[in-house]
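*Asks:* One file is attached below, entry-v7.cif, containing mmCIF, C-alpha atoms.
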data_input
loop_
_atom_site.label_atom_id
_atom_site.label_comp_id
_atom_site.auth_asym_id
_atom_site.auth_seq_id
_atom_site.Cartn_x
_atom_site.Cartn_y
_atom_site.Cartn_z
CA MET A 1 -9.19 -2.50 -11.41
CA THR A 2 -9.92 -4.47 -8.25
CA THR A 3 -10.32 -8.05 -9.46
CA SER A 4 -8.05 -10.40 -11.35
CA GLU A 5 -10.66 -11.25 -14.01
CA ALA A 6 -9.41 -8.83 -16.67
CA LEU A 7 -5.68 -9.18 -15.99
CA SER A 8 -3.39 -10.08 -18.87
CA GLU A 9 0.13 -9.65 -20.11
CA ALA A 10 -1.06 -6.33 -21.53
CA THR A 11 -1.89 -5.27 -17.97
CA LEU A 12 1.67 -6.07 -16.94
CA ARG A 13 3.11 -3.84 -19.63
CA ASP A 14 0.61 -1.09 -18.88
CA TYR A 15 1.48 -1.18 -15.18
CA ILE A 16 5.20 -1.09 -15.93
CA ALA A 17 4.71 1.99 -18.11
CA ARG A 18 2.54 3.80 -15.56
CA PHE A 19 3.99 2.77 -12.21
CA SER A 20 7.72 2.78 -12.83
CA ASN A 21 10.04 4.84 -10.63
CA TRP A 22 13.07 4.52 -12.91
CA GLY A 23 14.90 7.83 -12.85
CA ARG A 24 12.70 9.32 -10.12
CA TRP A 25 15.61 9.60 -7.69
CA GLY A 26 18.33 10.01 -10.30
CA GLU A 27 19.93 7.68 -12.80
CA ASP A 28 22.48 6.43 -10.24
CA ASP A 29 19.95 5.48 -7.57
CA GLU A 30 20.30 2.00 -6.02
CA ILE A 31 17.81 2.04 -3.12
CA GLY A 32 14.54 2.64 -4.95
CA ALA A 33 11.44 3.26 -2.87
CA LEU A 34 13.51 3.37 0.32
CA ASN A 35 14.16 6.99 -0.70
CA LEU A 36 10.65 7.55 0.62
CA ILE A 37 11.86 6.80 4.15
CA THR A 38 12.91 10.31 5.11
CA PRO A 39 14.33 11.45 8.46
CA ALA A 40 10.80 12.60 9.29
CA CYS A 41 9.51 9.06 8.62
CA ILE A 42 12.05 7.57 10.99
CA ALA A 43 11.24 10.12 13.69
CA ARG A 44 7.53 9.47 13.20
CA ALA A 45 8.14 5.73 13.64
CA ALA A 46 10.24 6.27 16.76
CA ARG A 47 7.39 8.18 18.42
CA LEU A 48 5.27 5.02 18.17
CA VAL A 49 7.48 3.26 20.72
CA THR A 50 5.56 3.91 23.93
CA GLN A 51 5.21 0.48 25.56
CA GLY A 52 8.85 -0.61 25.48
CA ARG A 53 8.14 -3.92 23.74
CA SER A 54 10.06 -5.69 20.97
CA ILE A 55 8.56 -8.47 18.84
CA SER A 56 10.73 -10.58 16.54
CA LEU A 57 9.43 -11.16 13.02
CA THR A 58 12.15 -13.60 11.97
CA LEU A 59 11.82 -17.36 11.51
CA PRO A 60 14.68 -19.35 13.10
CA TYR A 61 17.47 -20.13 10.65
CA ASP A 62 17.86 -23.88 11.03
CA ALA A 63 17.45 -27.23 9.29
CA PHE A 64 13.70 -27.24 10.01
CA GLY A 65 12.84 -24.26 7.81
CA PRO A 66 10.53 -24.15 4.80
CA GLN A 67 12.98 -24.94 2.00
CA ASN A 68 12.56 -28.27 0.24
CA GLY A 69 15.99 -28.33 -1.37
CA GLY A 70 14.70 -28.14 -4.91
CA PHE A 71 15.68 -24.48 -5.31
CA ARG A 72 17.36 -23.63 -2.02
CA PRO A 73 18.36 -25.73 1.00
CA ASN A 74 17.64 -24.81 4.60
CA PRO A 75 20.47 -23.31 6.66
CA GLN A 76 23.09 -25.69 8.02
CA LEU A 77 25.03 -25.03 11.23
CA LEU A 78 28.50 -26.59 11.29
CA THR A 79 30.17 -26.52 14.67
CA THR A 80 33.93 -26.19 14.44
CA ALA A 81 34.73 -26.06 18.16
CA THR A 82 32.56 -27.56 20.89
CA GLY A 83 32.19 -27.96 24.63
CA THR A 84 33.14 -31.61 24.32
CA ASP A 85 36.36 -30.52 22.59
CA HIS A 86 37.05 -28.34 25.63
CA LEU A 87 36.20 -31.04 28.14
CA GLY A 88 38.25 -33.62 26.26
CA GLY A 89 41.36 -31.44 26.25
CA ALA A 90 41.39 -30.89 22.49
CA GLN A 91 41.64 -27.12 23.03
CA ASP A 92 44.78 -27.23 25.16
CA PRO A 93 47.01 -25.69 24.00
CA LEU A 94 44.87 -23.06 22.31
CA PRO A 95 45.12 -22.61 18.53
CA GLY A 96 46.85 -19.69 16.88
CA GLY A 97 49.85 -19.81 19.14
CA TRP A 98 47.85 -18.44 22.06
CA GLY A 99 49.48 -20.73 24.59
CA PRO A 100 48.14 -23.07 27.29
CA ALA A 101 44.39 -23.03 27.83
CA LYS A 102 44.59 -22.79 31.63
CA GLY A 103 40.88 -23.54 31.91
CA PHE A 104 39.78 -21.43 28.95
CA GLY A 105 37.45 -23.06 26.41
CA TYR A 106 35.36 -21.92 23.49
CA ALA A 107 32.73 -22.81 20.92
CA ASP A 108 32.82 -21.72 17.30
CA ASP A 109 30.77 -22.47 14.23
CA THR A 110 30.07 -21.81 10.58
CA VAL A 111 26.73 -21.36 8.83
CA ILE A 112 25.94 -22.47 5.30
CA LEU A 113 23.08 -20.13 4.55
CA PRO A 114 21.46 -19.30 1.22
CA THR A 115 20.74 -15.61 1.52
CA GLN A 116 17.03 -16.20 0.86
CA ALA A 117 16.48 -19.47 2.73
CA GLY A 118 14.43 -17.94 5.55
CA THR A 119 13.14 -14.51 6.56
CA GLN A 120 14.81 -12.26 4.01
CA TRP A 121 14.77 -9.20 1.80
CA ASP A 122 14.99 -9.32 -1.97
CA ALA A 123 17.61 -6.92 -3.23
CA LEU A 124 16.87 -4.72 -6.22
CA SER A 125 19.33 -6.88 -8.16
CA HIS A 126 17.31 -10.05 -7.50
CA ILE A 127 14.85 -9.90 -10.39
CA PHE A 128 15.31 -8.97 -14.05
CA TYR A 129 12.78 -8.15 -16.73
CA GLU A 130 13.78 -8.22 -20.37
CA GLY A 131 17.44 -7.92 -19.45
CA ARG A 132 17.07 -5.06 -16.97
CA MET A 133 16.88 -4.64 -13.20
CA TRP A 134 16.02 -1.66 -11.02
CA ASN A 135 16.55 1.76 -12.59
CA GLY A 136 17.27 0.32 -16.01
CA ARG A 137 20.60 -1.27 -15.19
CA SER A 138 21.64 -4.27 -17.25
CA ALA A 139 21.33 -7.79 -15.89
CA ALA A 140 24.92 -8.20 -17.11
CA GLU A 141 26.02 -6.23 -14.04
CA VAL A 142 25.21 -9.28 -11.89
CA THR A 143 28.04 -11.78 -12.38
CA SER A 144 29.71 -14.59 -10.45
CA LYS A 145 31.26 -11.83 -8.34
CA GLY A 146 27.82 -10.51 -7.34
CA ALA A 147 25.91 -7.39 -8.29
CA ALA A 148 28.01 -4.41 -9.32
CA HIS A 149 24.96 -2.25 -8.59
CA ASN A 150 21.69 -2.69 -6.67
CA GLY A 151 23.21 -5.21 -4.25
CA ILE A 152 21.56 -5.82 -0.90
CA GLU A 153 24.28 -3.90 0.92
CA LYS A 154 22.86 -0.69 -0.51
CA LEU A 155 19.70 -1.25 1.58
CA THR A 156 21.51 -1.85 4.88
CA GLY A 157 20.49 0.59 7.60
CA ARG A 158 17.64 2.03 5.53
CA ILE A 159 14.62 -0.10 6.43
CA VAL A 160 13.64 1.78 9.57
CA THR A 161 10.15 3.22 9.32
CA ARG A 162 6.53 2.88 10.36
CA GLY A 163 5.19 -0.64 9.89
CA VAL A 164 1.52 -1.07 8.98
CA PHE A 165 0.29 -4.54 9.87
CA LEU A 166 -2.42 -6.18 7.81
CA ASP A 167 -3.42 -9.31 9.72
CA LEU A 168 -5.90 -10.40 7.09
CA ALA A 169 -6.24 -13.98 8.34
CA THR A 170 -7.41 -12.93 11.80
CA TRP A 171 -9.58 -10.15 10.36
CA LYS A 172 -11.37 -12.64 8.14
CA GLY A 173 -11.71 -15.18 10.97
CA VAL A 174 -9.65 -17.93 9.30
CA GLU A 175 -6.44 -19.73 10.15
CA THR A 176 -5.08 -18.91 6.71
CA LEU A 177 -6.16 -17.42 3.44
CA GLU A 178 -6.38 -20.24 0.93
CA PRO A 179 -3.74 -20.92 -1.74
CA GLY A 180 -4.58 -18.87 -4.79
CA TYR A 181 -6.36 -16.17 -2.76
CA ALA A 182 -5.51 -12.78 -4.27
CA ILE A 183 -5.44 -9.79 -1.91
CA THR A 184 -6.86 -6.73 -3.68
CA PRO A 185 -6.73 -2.98 -3.06
CA ASP A 186 -10.42 -2.93 -2.06
CA GLU A 187 -9.74 -5.46 0.67
CA VAL A 188 -6.70 -3.59 1.93
CA ASP A 189 -8.63 -0.30 1.99
CA THR A 190 -11.53 -1.91 3.87
CA TYR A 191 -9.15 -3.43 6.42
CA CYS A 192 -7.37 -0.11 6.99
CA ALA A 193 -10.68 1.71 7.41
CA ASP A 194 -11.83 -0.92 9.90
CA LYS A 195 -8.63 -0.56 11.93
CA GLY A 196 -8.51 3.24 11.63
CA ILE A 197 -5.20 3.15 9.78
CA ALA A 198 -4.17 5.95 7.44
CA VAL A 199 -1.36 4.68 5.22
CA GLU A 200 1.37 7.29 4.73
CA SER A 201 4.29 7.82 2.38
CA GLY A 202 7.34 5.81 3.44
CA ASP A 203 5.39 3.13 5.32
CA ALA A 204 6.31 -0.55 5.18
CA LEU A 205 3.32 -2.78 4.49
CA ILE A 206 3.44 -6.02 6.48
CA VAL A 207 0.87 -8.61 5.44
CA ARG A 208 -0.10 -11.74 7.35
CA THR A 209 -2.02 -14.32 5.35
CA GLY A 210 -1.74 -17.02 8.02
CA PHE A 211 -0.11 -19.33 5.49
CA MET A 212 3.08 -19.79 7.53
CA SER A 213 1.06 -20.61 10.63
CA ALA A 214 -0.92 -23.25 8.76
CA ARG A 215 2.19 -24.86 7.22
CA ARG A 216 4.60 -24.58 10.12
CA ALA A 217 4.17 -28.20 11.26
CA ALA A 218 4.52 -29.60 7.72
CA TRP A 219 5.86 -27.15 5.15
CA GLY A 220 4.94 -29.16 2.06
CA ASP A 221 5.05 -26.92 -1.01
CA TYR A 222 5.14 -23.69 1.02
CA SER A 223 8.25 -22.68 -0.93
CA GLY A 224 7.18 -22.02 -4.49
CA GLY A 225 3.81 -23.73 -4.48
CA ALA A 226 0.30 -22.34 -4.53
CA ALA A 227 -0.18 -19.65 -1.88
CA PRO A 228 -2.26 -16.63 -0.93
CA GLY A 229 -0.69 -13.28 -1.64
CA LEU A 230 -0.94 -9.84 -3.13
CA SER A 231 -2.79 -9.48 -6.41
CA LEU A 232 -1.05 -7.87 -9.35
CA THR A 233 -3.72 -5.18 -8.95
CA MET A 234 -1.90 -4.06 -5.80
CA ALA A 235 0.85 -2.53 -7.97
CA PRO A 236 -1.00 0.77 -8.57
CA TRP A 237 -2.00 0.90 -4.88
CA LEU A 238 1.60 0.46 -3.70
CA TYR A 239 2.74 3.15 -6.11
CA ASP A 240 -0.02 5.63 -5.27
CA HIS A 241 0.44 5.19 -1.50
CA GLU A 242 4.24 5.50 -1.81
CA ILE A 243 4.92 2.28 0.07
CA ALA A 244 8.63 1.93 0.80
CA ALA A 245 8.77 -1.84 1.40
CA VAL A 246 6.47 -4.87 1.55
CA ALA A 247 6.86 -8.00 3.69
CA THR A 248 4.62 -11.05 4.03
CA ASP A 249 4.50 -14.44 5.72
CA THR A 250 4.67 -16.28 2.39
CA TRP A 251 7.48 -17.48 0.15
CA GLY A 252 6.90 -14.99 -2.63
CA VAL A 253 4.69 -12.06 -1.48
CA GLU A 254 2.32 -12.34 -4.44
CA VAL A 255 -0.51 -14.78 -5.05
CA ARG A 256 0.33 -18.15 -6.56
CA PRO A 257 -0.62 -19.47 -9.03
CA ASN A 258 0.10 -16.13 -10.64
CA GLU A 259 -2.86 -14.32 -12.18
CA ILE A 260 -1.32 -14.04 -15.64
CA PRO A 261 0.97 -16.45 -17.54
CA VAL A 262 4.12 -14.61 -16.45
CA PHE A 263 6.12 -15.72 -13.42
CA GLN A 264 5.81 -13.40 -10.39
CA PRO A 265 4.44 -10.37 -12.28
CA LEU A 266 4.10 -8.17 -9.19
CA HIS A 267 7.84 -8.52 -8.69
CA LEU A 268 8.32 -7.28 -12.24
CA VAL A 269 6.19 -4.19 -11.70
CA SER A 270 6.76 -3.20 -8.09
CA LEU A 271 10.28 -4.47 -7.40
CA VAL A 272 12.05 -4.18 -10.75
CA HIS A 273 10.30 -0.98 -11.85
CA GLY A 274 8.86 0.43 -8.63
CA GLY A 275 12.04 -0.21 -6.64
CA ILE A 276 10.11 -1.63 -3.68
CA PRO A 277 12.10 -4.24 -1.69
CA PHE A 278 10.08 -7.40 -1.04
CA GLY A 279 10.42 -9.19 2.30
CA GLU A 280 9.52 -12.86 2.30
CA ILE A 281 9.03 -15.63 4.88
CA PHE A 282 8.47 -13.15 7.71
CA ASP A 283 7.21 -14.82 10.90
CA LEU A 284 4.21 -12.70 11.85
CA ASP A 285 2.34 -14.99 14.23
CA ALA A 286 3.65 -13.49 17.49
CA LEU A 287 2.95 -10.02 16.14
CA ALA A 288 -0.63 -11.07 15.34
CA VAL A 289 -1.17 -12.18 18.94
CA ASP A 290 0.31 -8.97 20.27
CA CYS A 291 -1.80 -6.76 18.01
CA ARG A 292 -4.98 -8.61 18.93
CA GLU A 293 -4.21 -7.97 22.59
CA ASP A 294 -3.42 -4.25 22.41
CA GLY A 295 -5.26 -3.25 19.24
CA VAL A 296 -2.17 -1.44 17.90
CA TYR A 297 -1.45 -2.21 14.25
CA VAL A 298 1.19 0.44 13.51
CA PHE A 299 4.64 0.41 15.08
CA MET A 300 8.30 1.12 14.51
CA PHE A 301 9.62 -1.41 12.01
CA VAL A 302 13.37 -2.10 12.03
CA ALA A 303 14.54 -4.67 9.49
CA SER A 304 18.00 -3.91 8.15
CA PRO A 305 19.52 -6.51 5.78
CA LEU A 306 23.08 -7.67 6.30
CA PRO A 307 25.63 -5.76 4.20
CA ILE A 308 26.58 -8.74 2.04
CA THR A 309 28.32 -6.99 -0.81
CA GLY A 310 26.75 -7.74 -4.16
CA ALA A 311 24.16 -10.18 -2.83
CA ALA A 312 20.71 -10.60 -4.36
CA GLY A 313 19.09 -10.97 -0.93
CA SER A 314 19.83 -11.11 2.77
CA PRO A 315 18.69 -12.65 6.03
CA VAL A 316 17.29 -10.15 8.49
CA SER A 317 16.55 -9.92 12.21
CA ALA A 318 13.32 -7.95 11.84
CA LEU A 319 11.61 -6.26 14.79
CA ALA A 320 8.33 -4.57 15.53
CA LEU A 321 8.84 -2.04 18.34
CA LYS A 322 5.88 -0.74 20.34
#
I'd like the structure from this file rewritten - as structure tokens, please.

*Replies:*
Amino acid sequence: MTTSEALSEATLRDYIARFSNWGRWGEDDEIGALNLITPACIARAARLVTQGRSISLTLPYDAFGPQNGGFRPNPQLLTTATGTDHLGGAQDPLPGGWGPAKGFGYADDTVILPTQAGTQWDALSHIFYEGRMWNGRSAAEVTSKGAAHNGIEKLTGRIVTRGVFLDLATWKGVETLEPGYAITPDEVDTYCADKGIAVESGDALIVRTGFMSARRAAWGDYSGGAAPGLSLTMAPWLYDHEIAAVATDTWGVEVRPNEIPVFQPLHLVSLVHGGIPFGEIFDLDALAVDCREDGVYVFMFVASPLPITGAAGSPVSALALK
């Protein structure tokens, strides 16, 4: 199936039955498709670093981000010690019983940061379907204390692999794919053939729709509104190609409005049942420029989430290394 015309809730259930990885890596597994990132995958990715160049894929965490406050607020930086405190003498003597300042000064701050406010990974505890999360664990395991299993900390240090960059906006000659545009397996296969890319087990798929670039000056309904993204029909493709992780420049990875009357169905198939971490709000514009200049669309991808115990997601300082 390569179009969304015949999709239905029956398709969702069929996909879940056929493309689930529950139990594949044991009943206690908590990292899902990241099991596909073997030592050989990491070594393969490291051999791609030949130019000595690092490209950040992370949007700044500040008050000017894409959140509209309806579901999540943007990050807030609260400064607790400043240079003006130092210059005004407020830091002499030093706190904590450290004695006279004798010229020493400091800055300190606190961040109020929803774990999924900006560039971030969804944990395998983030989404439930019919009372279950990844590997069949009960949604009851996620409480006010966090996730007892499948928390984001289980993915820390594991997202180091070959990144395959699909710059679909540039390839199609547009600033952005339009809201509601569904990216299908046929399109992905054609793009990879055009770029000479052979997708391999353990790869991370990184998809640029151009939507962030188009909305950067005025975010509007970027967070949660209509957007281009992966079709539900990508679920079999991701499973068959043994993709370890997926990241895009949109709020929710998959196309919105959703193709069937179920909220975020690709999450239900590929994250909940496939165990594939989804990366959202990745800033891929600088990478697009770099790839256009050197023609290199595969690279070492390093994007480890913070080990926030029990969290359903995490900020990330993601890098493409060439």

*Asks:* Determine the residue set returned by the PyMOL selection byres ((chain A and resi 275-284) around 8) for the present structure, and present it as an mmCIF file with C-alpha atoms, keeping the file's coordinate frame.

*Replies:*
data_model
loop_
_atom_site.group_PDB
_atom_site.id
_atom_site.type_symbol
_atom_site.label_atom_id
_atom_site.label_comp_id
_atom_site.auth_asym_id
_atom_site.auth_seq_id
_atom_site.Cartn_x
_atom_site.Cartn_y
_atom_site.Cartn_z
ATOM 1 C CA ASN A 21 10.040 4.840 -10.630
ATOM 2 C CA TRP A 22 13.070 4.520 -12.910
ATOM 3 C CA ILE A 31 17.810 2.040 -3.120
ATOM 4 C CA GLY A 32 14.540 2.640 -4.950
ATOM 5 C CA ALA A 33 11.440 3.260 -2.870
ATOM 6 C CA LEU A 34 13.510 3.370 0.320
ATOM 7 C CA SER A 56 10.730 -10.580 16.540
ATOM 8 C CA LEU A 57 9.430 -11.160 13.020
ATOM 9 C CA THR A 58 12.150 -13.600 11.970
ATOM 10 C CA LEU A 59 11.820 -17.360 11.510
ATOM 11 C CA GLY A 118 14.430 -17.940 5.550
ATOM 12 C CA THR A 119 13.140 -14.510 6.560
ATOM 13 C CA GLN A 120 14.810 -12.260 4.010
ATOM 14 C CA TRP A 121 14.770 -9.200 1.800
ATOM 15 C CA ASP A 122 14.990 -9.320 -1.970
ATOM 16 C CA ALA A 123 17.610 -6.920 -3.230
ATOM 17 C CA LEU A 124 16.870 -4.720 -6.220
ATOM 18 C CA TRP A 134 16.020 -1.660 -11.020
ATOM 19 C CA ASN A 135 16.550 1.760 -12.590
ATOM 20 C CA ARG A 208 -0.100 -11.740 7.350
ATOM 21 C CA MET A 212 3.080 -19.790 7.530
ATOM 22 C CA ILE A 243 4.920 2.280 0.070
ATOM 23 C CA ALA A 244 8.630 1.930 0.800
ATOM 24 C CA ALA A 245 8.770 -1.840 1.400
ATOM 25 C CA VAL A 246 6.470 -4.870 1.550
ATOM 26 C CA ALA A 247 6.860 -8.000 3.690
ATOM 27 C CA THR A 248 4.620 -11.050 4.030
ATOM 28 C CA ASP A 249 4.500 -14.440 5.720
ATOM 29 C CA THR A 250 4.670 -16.280 2.390
ATOM 30 C CA TRP A 251 7.480 -17.480 0.150
ATOM 31 C CA GLY A 252 6.900 -14.990 -2.630
ATOM 32 C CA VAL A 253 4.690 -12.060 -1.480
ATOM 33 C CA SER A 270 6.760 -3.200 -8.090
ATOM 34 C CA LEU A 271 10.280 -4.470 -7.400
ATOM 35 C CA VAL A 272 12.050 -4.180 -10.750
ATOM 36 C CA HIS A 273 10.300 -0.980 -11.850
ATOM 37 C CA GLY A 274 8.860 0.430 -8.630
ATOM 38 C CA ASP A 285 2.340 -14.990 14.230
ATOM 39 C CA ALA A 286 3.650 -13.490 17.490
ATOM 40 C CA LEU A 287 2.950 -10.020 16.140
ATOM 41 C CA ALA A 288 -0.630 -11.070 15.340
#

*Asks:* What is the CA of Leu205 in chain A to CA of Thr50 in chain A distance in Å?

*Replies:*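 If I compute the distance from CA of Leu205 in chain A to CA of Thr50 in chain A, I get 20.7 Å.
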
*Asks:* Could you jot down the CA of Ser8 in chain A to CA of Arg256 in chain A separation for me, Å, one decimal place?

*Replies:* 15.2 Å

*Asks:* Please determine, counting only C-alpha atoms, which residue among A:Val188, A:Leu177, A:Ala218, A:Ala311 has the shortest atom-to-atom distance to Val255 in chain A.

*Replies:*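 Closest to Val255 in chain A of all the choices is A:Leu177.
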
*Asks:* Of the candidates A:Val289, A:Ile197, A:Thr156, A:Ala101, which one gets nearest to Leu306 in chain A if we count only C-alpha atoms?

*Replies:*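 Among the listed residues, the smallest separation from Leu306 in chain A belongs to A:Thr156.
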
*Asks:* Taking 4 positions as the minimum chain separation for residues in the same chain, which residues sit within 10 Å of Cys192 in chain A when counting only C-alpha atoms? Answer as a ChimeraX atom specification.

*Replies:* /A:164-166,186-188,196-199,297

*Asks:* From the list A:Val174, A:Ala235, A:Ala217, A:Ile308, which residue is nearest Ser20 in chain A when using all atoms listed in the file?

*Replies:*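 Ranked by minimum distance to Ser20 in chain A, first place goes to A:Ala235.
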
*Asks:* Taking (9.5, 2.9, 12.0) as a centre in this file's frame and 9 Å as the limit, can you find every polymer residue with an atom that close, using only C-alpha atoms, and give them as a compact mmCIF listing (two decimals) with C-alpha atoms, in the frame of the given file?

*Replies:*
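Once written, out-v9.txt looks like this:
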# COMPACT_ATOMS: atom_id res chain seq x y z
CA CYS A 41 9.51 9.06 8.62
CA ILE A 42 12.05 7.57 10.99
CA ALA A 43 11.24 10.12 13.69
CA ARG A 44 7.53 9.47 13.20
CA ALA A 45 8.14 5.73 13.64
CA ALA A 46 10.24 6.27 16.76
CA ARG A 47 7.39 8.18 18.42
CA LEU A 48 5.27 5.02 18.17
CA VAL A 49 7.48 3.26 20.72
CA ILE A 159 14.62 -0.10 6.43
CA VAL A 160 13.64 1.78 9.57
CA THR A 161 10.15 3.22 9.32
CA ARG A 162 6.53 2.88 10.36
CA GLY A 163 5.19 -0.64 9.89
CA ASP A 203 5.39 3.13 5.32
CA ALA A 204 6.31 -0.55 5.18
CA VAL A 298 1.19 0.44 13.51
CA PHE A 299 4.64 0.41 15.08
CA MET A 300 8.30 1.12 14.51
CA PHE A 301 9.62 -1.41 12.01
CA VAL A 302 13.37 -2.10 12.03
CA ALA A 320 8.33 -4.57 15.53
CA LEU A 321 8.84 -2.04 18.34

*Asks:* What is the CA of Leu87 in chain A to CA of Asp62 in chain A distance in Å?

*Replies:*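 Straight-line distance from CA of Leu87 in chain A to CA of Asp62 in chain A works out to 26.1 Å.
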
*Asks:* Take the PyMOL selection byres ((chain A and resi 116) around 7), apply it to the structure above, and return the hits as an NGL selection string.

*Replies:* :A and (114-115 or 117-118 or 120 or 313-315)

*Asks:* Might you spell out which residues the PyMOL selection byres ((chain A and resi 138) around 12) would select in the displayed file, as a PyMOL selection string?

*Replies:* chain A and resi 125+127-137+139-143+147-150+272

*Asks:* Considering only C-alpha atoms, state which residue in the set A:Ala40, A:Ala10, A:Ala182, A:Ala227 is at the smallest distance from Glu259 in chain A.

*Replies:*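 Residue with the minimum atom-to-atom distance to Glu259 in chain A: A:Ala182.
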
*Asks:* Check the smallest atom-to-atom distance from each of A:Ser54, A:Gln91, A:Arg24, A:Lys195 to Val296 in chain A using only C-alpha atoms, then report the winner.

*Replies:* A:Lys195

*Asks:* My list of candidates is A:Thr84, A:His267, A:Pro66, A:Lys172. Which is closest to Asp221 in chain A when distances are computed with all atoms listed in the file?

*Replies:* A:Pro66

*Asks:* Extract, using all atoms listed in the file, all DNA, RNA and protein residues at most 12 Å from Leu94 in chain A, discarding same-chain residues fewer than 2 positions from it, and format them as a PDB file with C-alpha atoms, in the coordinates of the input.

*Replies:*
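Written out: selection_13.pdb:
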ATOM      1  CA  ALA A  81      34.730 -26.060  18.160  1.00  0.00           C
ATOM      2  CA  ASP A  85      36.360 -30.520  22.590  1.00  0.00           C
ATOM      3  CA  HIS A  86      37.050 -28.340  25.630  1.00  0.00           C
ATOM      4  CA  GLY A  89      41.360 -31.440  26.250  1.00  0.00           C
ATOM      5  CA  ALA A  90      41.390 -30.890  22.490  1.00  0.00           C
ATOM      6  CA  GLN A  91      41.640 -27.120  23.030  1.00  0.00           C
ATOM      7  CA  ASP A  92      44.780 -27.230  25.160  1.00  0.00           C
ATOM      8  CA  GLY A  96      46.850 -19.690  16.880  1.00  0.00           C
ATOM      9  CA  GLY A  97      49.850 -19.810  19.140  1.00  0.00           C
ATOM     10  CA  TRP A  98      47.850 -18.440  22.060  1.00  0.00           C
ATOM     11  CA  GLY A  99      49.480 -20.730  24.590  1.00  0.00           C
ATOM     12  CA  PRO A 100      48.140 -23.070  27.290  1.00  0.00           C
ATOM     13  CA  ALA A 101      44.390 -23.030  27.830  1.00  0.00           C
ATOM     14  CA  LYS A 102      44.590 -22.790  31.630  1.00  0.00           C
ATOM     15  CA  GLY A 103      40.880 -23.540  31.910  1.00  0.00           C
ATOM     16  CA  PHE A 104      39.780 -21.430  28.950  1.00  0.00           C
ATOM     17  CA  GLY A 105      37.450 -23.060  26.410  1.00  0.00           C
ATOM     18  CA  TYR A 106      35.360 -21.920  23.490  1.00  0.00           C
TER      19      TYR A 106
END

*Asks:* Quick one: everything within 7 Å of Ala63 in chain A, counting all atoms listed in the file, minus sequence neighbours fewer than 6 positions away in the same chain. Send it as a PyMOL selection string.

*Replies:* chain A and resi 74-76
